[in-house]
>>> print(open('work_36.tsv').read())   # TSV, C-alpha atoms
chain	number	residue	atom	x	y	z
A	1	MET	CA	101.16	132.95	78.46
A	2	SER	CA	100.65	136.23	80.21
A	3	LYS	CA	103.50	138.73	80.22
A	4	ASP	CA	102.95	139.27	83.94
A	5	PRO	CA	105.56	137.13	85.73
A	6	PHE	CA	103.35	136.94	88.84
A	7	THR	CA	100.49	135.01	87.27
A	8	LEU	CA	100.04	131.42	88.37
A	9	GLU	CA	100.82	130.07	84.90
A	10	ASN	CA	104.22	131.81	84.94
A	11	GLN	CA	105.32	130.45	88.30
A	12	LEU	CA	107.94	127.71	88.04
A	13	CYS	CA	107.21	126.75	91.65
A	14	PHE	CA	103.57	126.05	90.73
A	15	ALA	CA	104.60	123.96	87.73
A	16	LEU	CA	106.87	121.84	89.95
A	17	TYR	CA	104.15	121.59	92.62
A	18	SER	CA	101.64	120.43	89.99
A	19	ALA	CA	104.09	117.90	88.53
A	20	SER	CA	104.79	116.50	91.99
A	21	HIS	CA	101.09	116.00	92.62
A	22	ALA	CA	100.67	114.40	89.21
A	23	PHE	CA	103.36	111.82	90.07
A	24	THR	CA	101.78	111.10	93.43
A	25	ARG	CA	98.40	110.54	91.72
A	26	ALA	CA	99.98	108.31	89.07
A	27	TYR	CA	101.63	106.09	91.68
A	28	LYS	CA	98.63	105.86	94.02
A	29	PRO	CA	96.66	103.12	92.18
A	30	VAL	CA	99.86	101.10	91.73
A	31	LEU	CA	101.04	101.39	95.33
A	32	GLU	CA	97.67	101.04	97.03
A	33	PRO	CA	97.37	97.26	96.42
A	34	LEU	CA	100.86	96.89	97.92
A	35	GLY	CA	99.70	98.70	101.06
A	36	LEU	CA	102.03	101.66	100.50
A	37	THR	CA	101.48	105.37	100.23
A	38	TYR	CA	103.82	107.37	98.00
A	39	PRO	CA	105.89	108.71	100.95
A	40	GLN	CA	106.13	105.17	102.39
A	41	TYR	CA	107.29	103.97	98.97
A	42	LEU	CA	110.08	106.56	99.03
A	43	VAL	CA	111.18	105.36	102.48
A	44	MET	CA	111.20	101.78	101.25
A	45	LEU	CA	113.23	102.78	98.17
A	46	ALA	CA	115.86	104.36	100.42
A	47	LEU	CA	116.00	101.23	102.58
A	48	TRP	CA	116.13	98.83	99.61
A	49	GLU	CA	118.99	100.85	98.16
A	50	LYS	CA	121.06	101.69	101.24
A	51	GLY	CA	119.50	100.11	104.35
A	52	PRO	CA	119.75	99.73	107.25
A	53	LEU	CA	119.61	103.47	107.83
A	54	THR	CA	119.14	105.80	110.76
A	55	VAL	CA	115.99	107.87	110.96
A	56	LYS	CA	118.21	110.92	110.47
A	57	ALA	CA	119.75	109.49	107.27
A	58	ILE	CA	116.32	108.67	105.84
A	59	GLY	CA	115.10	112.16	106.68
A	60	GLU	CA	118.10	113.73	104.99
A	61	ALA	CA	117.80	111.52	101.90
A	62	LEU	CA	114.09	112.28	101.47
A	63	MET	CA	114.19	115.85	102.80
A	64	LEU	CA	111.59	114.99	105.45
A	65	ASP	CA	111.54	116.23	109.03
A	66	SER	CA	111.13	113.84	111.94
A	67	GLY	CA	107.54	114.98	112.52
A	68	THR	CA	106.61	113.74	109.06
A	69	LEU	CA	108.89	110.72	109.03
A	70	SER	CA	108.05	109.24	112.44
A	71	PRO	CA	104.40	108.42	111.65
A	72	LEU	CA	105.45	106.90	108.29
A	73	LEU	CA	107.98	104.66	110.01
A	74	LYS	CA	105.53	103.72	112.75
A	75	ARG	CA	102.98	102.60	110.16
A	76	LEU	CA	105.60	100.62	108.18
A	77	GLU	CA	106.61	98.91	111.41
A	78	GLN	CA	102.97	98.14	112.31
A	79	VAL	CA	102.46	96.34	108.99
A	80	GLY	CA	105.68	94.37	109.44
A	81	LEU	CA	107.90	95.92	106.78
A	82	ILE	CA	110.55	97.49	109.03
A	83	ILE	CA	112.01	97.26	112.52
A	84	ARG	CA	112.97	100.35	114.52
A	85	ARG	CA	115.76	99.85	117.06
A	86	ARG	CA	118.01	102.08	119.10
A	87	ASP	CA	121.63	101.94	117.94
A	88	SER	CA	123.62	99.97	120.54
A	89	ARG	CA	126.62	102.28	120.03
A	90	ASP	CA	124.61	105.52	120.21
A	91	GLU	CA	121.20	105.25	121.83
A	92	ARG	CA	120.21	108.67	120.50
A	93	GLN	CA	120.07	107.12	117.02
A	94	VAL	CA	117.22	104.92	115.81
A	95	VAL	CA	118.20	102.43	113.10
A	96	ILE	CA	115.61	101.26	110.59
A	97	THR	CA	116.03	97.75	109.21
A	98	LEU	CA	113.91	95.92	106.66
A	99	THR	CA	112.14	92.77	107.78
A	100	ASP	CA	112.06	89.73	105.51
A	101	GLN	CA	108.58	90.87	104.46
A	102	GLY	CA	109.95	94.33	103.67
A	103	LYS	CA	112.78	92.85	101.61
A	104	ALA	CA	110.36	90.58	99.73
A	105	LEU	CA	108.15	93.54	98.84
A	106	GLU	CA	110.90	95.04	96.69
A	107	ALA	CA	110.47	92.63	93.76
A	108	GLU	CA	106.68	92.99	93.81
A	109	THR	CA	106.96	96.78	93.96
A	110	ARG	CA	109.48	96.94	91.10
A	111	LYS	CA	107.09	94.96	88.93
A	112	ALA	CA	104.09	97.08	89.93
A	113	VAL	CA	105.68	100.50	89.34
A	114	GLN	CA	107.40	99.59	86.08
A	115	PRO	CA	104.43	100.70	83.90
A	116	VAL	CA	104.40	104.12	85.59
A	117	MET	CA	108.14	104.50	85.09
A	118	LEU	CA	107.89	103.52	81.43
A	119	ALA	CA	104.99	105.92	80.90
A	120	VAL	CA	107.08	108.86	82.09
A	121	GLY	CA	110.19	107.78	80.23
A	122	CYS	CA	112.26	106.40	83.13
>>> encode(input="work_36.tsv", output="structure tokens")
Amino acid sequence: MSKDPFTLENQLCFALYSASHAFTRAYKPVLEPLGLTYPQYLVMLALWEKGPLTVKAIGEALMLDSGTLSPLLKRLEQVGLIIRRRDSRDERQVVITLTDQGKALEAETRKAVQPVMLAVGC
């Protein structure tokens, strides 16, 4: 490694960025047959674990802004995995609920991603 701390190889942020992309690439062939992108998979994980959730809660859990999250949720709704509804107690809030199809996808997804998780030591 170079002694210059400003080279690309010495940047921790680049190492984390590269690792993140490597995970996304590793999951892609596993998630694609399930009809999920990696960000959609993360949304589904949050809902399987803690759902129903507000859009705000999902955004906070995944550190995603509404501009990124809204199209993800719209696509998940279009394919029948979630339902978006205004909260009856606070119409400013949108609550995301899994459909039966979305709930059923959990077992299939767990089975599909298990080899990736084992490969990285999870």
>>> closest_residue(input="work_36.tsv", among="A:Leu53, A:Ile58, A:Val113, A:Ala119", to="Asp87 in chain A", atoms="all atoms listed in the file")
A:Leu53
>>> closest_atom_pairs(input="work_36.tsv", of="range 64-103 of chain A", to="range 24-40 of chain A", cutoff="9 Å", atoms="only C-alpha atoms", output="CSV")
residue,atom,partner,partner_atom,distance
A:Leu69,CA,A:Pro39,CA,8.9
A:Leu72,CA,A:Gln40,CA,6.2
A:Leu73,CA,A:Gln40,CA,7.9
A:Arg75,CA,A:Gln40,CA,8.8
A:Leu76,CA,A:Gln40,CA,7.4
A:Val79,CA,A:Gly35,CA,8.7
>>> residues_around(input="work_36.tsv", residues="Lys103 in chain A", least_positions_apart="6", cutoff="12 Å", atoms="only C-alpha atoms", output="list in words")
Met44, Leu45, Ala46, Leu47, Trp48, Glu49, Gly51, Pro52, Gly80, Leu81, Ile82, Ile83, Thr97, Thr109 and Arg110 of chain A
>>> residues_around(input="work_36.tsv", residues="Ala57 in chain A", least_positions_apart="6", cutoff="12 Å", atoms="all atoms listed in the file", output="list in words")
Val43, Ala46, Leu47, Lys50, Gly51, Met63, Leu64, Asp65, Ser66, Leu69, Gln93, Val94, Val95 and Ile96 of chain A
>>> atom_distance(input="work_36.tsv", atom1="CA of Lys111 in chain A", atom2="CA of Tyr41 in chain A")
13.5 Å
>>> closest_residue(input="work_36.tsv", among="A:His21, A:Thr7, A:Leu118, A:Thr54", to="Arg86 in chain A", atoms="only C-alpha atoms")
A:Thr54
>>> atom_distance(input="work_36.tsv", atom1="CA of Lys3 in chain A", atom2="CA of Leu16 in chain A")
19.8 Å
>>> atom_distance(input="work_36.tsv", atom1="CA of Ser70 in chain A", atom2="CA of Val55 in chain A")
8.2 Å
>>> build_atoms(input="work_36.tsv", residues="range 86-112 of chain A", atoms="N, CA, C and O atoms", output="PDB file, in the frame of the given file")
ATOM      1  N   ARG A  86     116.978 101.134 118.664  1.00  0.00           N
ATOM      2  CA  ARG A  86     118.010 102.080 119.100  1.00  0.00           C
ATOM      3  C   ARG A  86     119.375 101.502 118.736  1.00  0.00           C
ATOM      4  O   ARG A  86     119.613 100.303 118.869  1.00  0.00           O
ATOM      5  N   ASP A  87     120.264 102.351 118.266  1.00  0.00           N
ATOM      6  CA  ASP A  87     121.630 101.940 117.940  1.00  0.00           C
ATOM      7  C   ASP A  87     122.349 101.591 119.243  1.00  0.00           C
ATOM      8  O   ASP A  87     122.359 102.387 120.186  1.00  0.00           O
ATOM      9  N   SER A  88     122.942 100.407 119.313  1.00  0.00           N
ATOM     10  CA  SER A  88     123.620  99.970 120.540  1.00  0.00           C
ATOM     11  C   SER A  88     124.849 100.829 120.846  1.00  0.00           C
ATOM     12  O   SER A  88     125.242 100.960 122.001  1.00  0.00           O
ATOM     13  N   ARG A  89     125.439 101.440 119.824  1.00  0.00           N
ATOM     14  CA  ARG A  89     126.620 102.280 120.030  1.00  0.00           C
ATOM     15  C   ARG A  89     126.254 103.725 120.387  1.00  0.00           C
ATOM     16  O   ARG A  89     127.033 104.429 120.997  1.00  0.00           O
ATOM     17  N   ASP A  90     125.068 104.157 119.956  1.00  0.00           N
ATOM     18  CA  ASP A  90     124.610 105.520 120.210  1.00  0.00           C
ATOM     19  C   ASP A  90     123.095 105.489 120.362  1.00  0.00           C
ATOM     20  O   ASP A  90     122.372 105.523 119.377  1.00  0.00           O
ATOM     21  N   GLU A  91     122.623 105.424 121.570  1.00  0.00           N
ATOM     22  CA  GLU A  91     121.200 105.250 121.830  1.00  0.00           C
ATOM     23  C   GLU A  91     120.354 106.430 121.396  1.00  0.00           C
ATOM     24  O   GLU A  91     119.126 106.342 121.386  1.00  0.00           O
ATOM     25  N   ARG A  92     120.976 107.523 121.024  1.00  0.00           N
ATOM     26  CA  ARG A  92     120.210 108.670 120.500  1.00  0.00           C
ATOM     27  C   ARG A  92     119.733 108.379 119.083  1.00  0.00           C
ATOM     28  O   ARG A  92     118.786 108.996 118.616  1.00  0.00           O
ATOM     29  N   GLN A  93     120.395 107.462 118.412  1.00  0.00           N
ATOM     30  CA  GLN A  93     120.070 107.120 117.020  1.00  0.00           C
ATOM     31  C   GLN A  93     119.106 105.943 116.959  1.00  0.00           C
ATOM     32  O   GLN A  93     119.261 104.974 117.700  1.00  0.00           O
ATOM     33  N   VAL A  94     118.127 106.031 116.062  1.00  0.00           N
ATOM     34  CA  VAL A  94     117.220 104.920 115.810  1.00  0.00           C
ATOM     35  C   VAL A  94     117.557 104.377 114.417  1.00  0.00           C
ATOM     36  O   VAL A  94     117.593 105.127 113.442  1.00  0.00           O
ATOM     37  N   VAL A  95     117.830 103.083 114.366  1.00  0.00           N
ATOM     38  CA  VAL A  95     118.200 102.430 113.100  1.00  0.00           C
ATOM     39  C   VAL A  95     116.975 101.705 112.555  1.00  0.00           C
ATOM     40  O   VAL A  95     116.287 100.990 113.285  1.00  0.00           O
ATOM     41  N   ILE A  96     116.743 101.895 111.275  1.00  0.00           N
ATOM     42  CA  ILE A  96     115.610 101.260 110.590  1.00  0.00           C
ATOM     43  C   ILE A  96     116.161 100.138 109.726  1.00  0.00           C
ATOM     44  O   ILE A  96     117.031 100.351 108.879  1.00  0.00           O
ATOM     45  N   THR A  97     115.608  98.939 109.937  1.00  0.00           N
ATOM     46  CA  THR A  97     116.030  97.750 109.210  1.00  0.00           C
ATOM     47  C   THR A  97     114.805  97.124 108.552  1.00  0.00           C
ATOM     48  O   THR A  97     113.720  97.097 109.138  1.00  0.00           O
ATOM     49  N   LEU A  98     114.986  96.633 107.354  1.00  0.00           N
ATOM     50  CA  LEU A  98     113.910  95.920 106.660  1.00  0.00           C
ATOM     51  C   LEU A  98     113.695  94.545 107.286  1.00  0.00           C
ATOM     52  O   LEU A  98     114.658  93.867 107.639  1.00  0.00           O
ATOM     53  N   THR A  99     112.448  94.142 107.393  1.00  0.00           N
ATOM     54  CA  THR A  99     112.140  92.770 107.780  1.00  0.00           C
ATOM     55  C   THR A  99     112.215  91.905 106.526  1.00  0.00           C
ATOM     56  O   THR A  99     112.357  92.427 105.405  1.00  0.00           O
ATOM     57  N   ASP A 100     112.098  90.609 106.680  1.00  0.00           N
ATOM     58  CA  ASP A 100     112.060  89.730 105.510  1.00  0.00           C
ATOM     59  C   ASP A 100     110.882  90.095 104.607  1.00  0.00           C
ATOM     60  O   ASP A 100     111.008  90.097 103.385  1.00  0.00           O
ATOM     61  N   GLN A 101     109.760  90.445 105.224  1.00  0.00           N
ATOM     62  CA  GLN A 101     108.580  90.870 104.460  1.00  0.00           C
ATOM     63  C   GLN A 101     108.877  92.158 103.690  1.00  0.00           C
ATOM     64  O   GLN A 101     108.478  92.305 102.533  1.00  0.00           O
ATOM     65  N   GLY A 102     109.578  93.079 104.322  1.00  0.00           N
ATOM     66  CA  GLY A 102     109.950  94.330 103.670  1.00  0.00           C
ATOM     67  C   GLY A 102     110.904  94.104 102.515  1.00  0.00           C
ATOM     68  O   GLY A 102     110.788  94.735 101.456  1.00  0.00           O
ATOM     69  N   LYS A 103     111.844  93.186 102.698  1.00  0.00           N
ATOM     70  CA  LYS A 103     112.780  92.850 101.610  1.00  0.00           C
ATOM     71  C   LYS A 103     112.037  92.196 100.451  1.00  0.00           C
ATOM     72  O   LYS A 103     112.303  92.489  99.285  1.00  0.00           O
ATOM     73  N   ALA A 104     111.105  91.300 100.761  1.00  0.00           N
ATOM     74  CA  ALA A 104     110.360  90.580  99.730  1.00  0.00           C
ATOM     75  C   ALA A 104     109.468  91.516  98.918  1.00  0.00           C
ATOM     76  O   ALA A 104     109.198  91.256  97.743  1.00  0.00           O
ATOM     77  N   LEU A 105     109.030  92.606  99.528  1.00  0.00           N
ATOM     78  CA  LEU A 105     108.150  93.540  98.840  1.00  0.00           C
ATOM     79  C   LEU A 105     108.851  94.270  97.693  1.00  0.00           C
ATOM     80  O   LEU A 105     108.192  94.763  96.774  1.00  0.00           O
ATOM     81  N   GLU A 106     110.166  94.302  97.726  1.00  0.00           N
ATOM     82  CA  GLU A 106     110.900  95.040  96.690  1.00  0.00           C
ATOM     83  C   GLU A 106     110.610  94.500  95.293  1.00  0.00           C
ATOM     84  O   GLU A 106     110.316  95.272  94.369  1.00  0.00           O
ATOM     85  N   ALA A 107     110.687  93.201  95.098  1.00  0.00           N
ATOM     86  CA  ALA A 107     110.470  92.630  93.760  1.00  0.00           C
ATOM     87  C   ALA A 107     109.047  92.897  93.277  1.00  0.00           C
ATOM     88  O   ALA A 107     108.838  93.262  92.113  1.00  0.00           O
ATOM     89  N   GLU A 108     108.085  92.749  94.170  1.00  0.00           N
ATOM     90  CA  GLU A 108     106.680  92.990  93.810  1.00  0.00           C
ATOM     91  C   GLU A 108     106.463  94.469  93.454  1.00  0.00           C
ATOM     92  O   GLU A 108     105.760  94.796  92.500  1.00  0.00           O
ATOM     93  N   THR A 109     107.100  95.342  94.196  1.00  0.00           N
ATOM     94  CA  THR A 109     106.960  96.780  93.960  1.00  0.00           C
ATOM     95  C   THR A 109     107.616  97.177  92.642  1.00  0.00           C
ATOM     96  O   THR A 109     107.046  97.953  91.867  1.00  0.00           O
ATOM     97  N   ARG A 110     108.797  96.639  92.368  1.00  0.00           N
ATOM     98  CA  ARG A 110     109.480  96.940  91.100  1.00  0.00           C
ATOM     99  C   ARG A 110     108.572  96.579  89.917  1.00  0.00           C
ATOM    100  O   ARG A 110     108.442  97.341  88.962  1.00  0.00           O
ATOM    101  N   LYS A 111     107.971  95.415  90.001  1.00  0.00           N
ATOM    102  CA  LYS A 111     107.090  94.960  88.930  1.00  0.00           C
ATOM    103  C   LYS A 111     105.863  95.866  88.802  1.00  0.00           C
ATOM    104  O   LYS A 111     105.449  96.213  87.702  1.00  0.00           O
ATOM    105  N   ALA A 112     105.302  96.264  89.931  1.00  0.00           N
ATOM    106  CA  ALA A 112     104.090  97.080  89.930  1.00  0.00           C
ATOM    107  C   ALA A 112     104.315  98.492  89.398  1.00  0.00           C
ATOM    108  O   ALA A 112     103.462  99.034  88.688  1.00  0.00           O
TER     109      ALA A 112
END
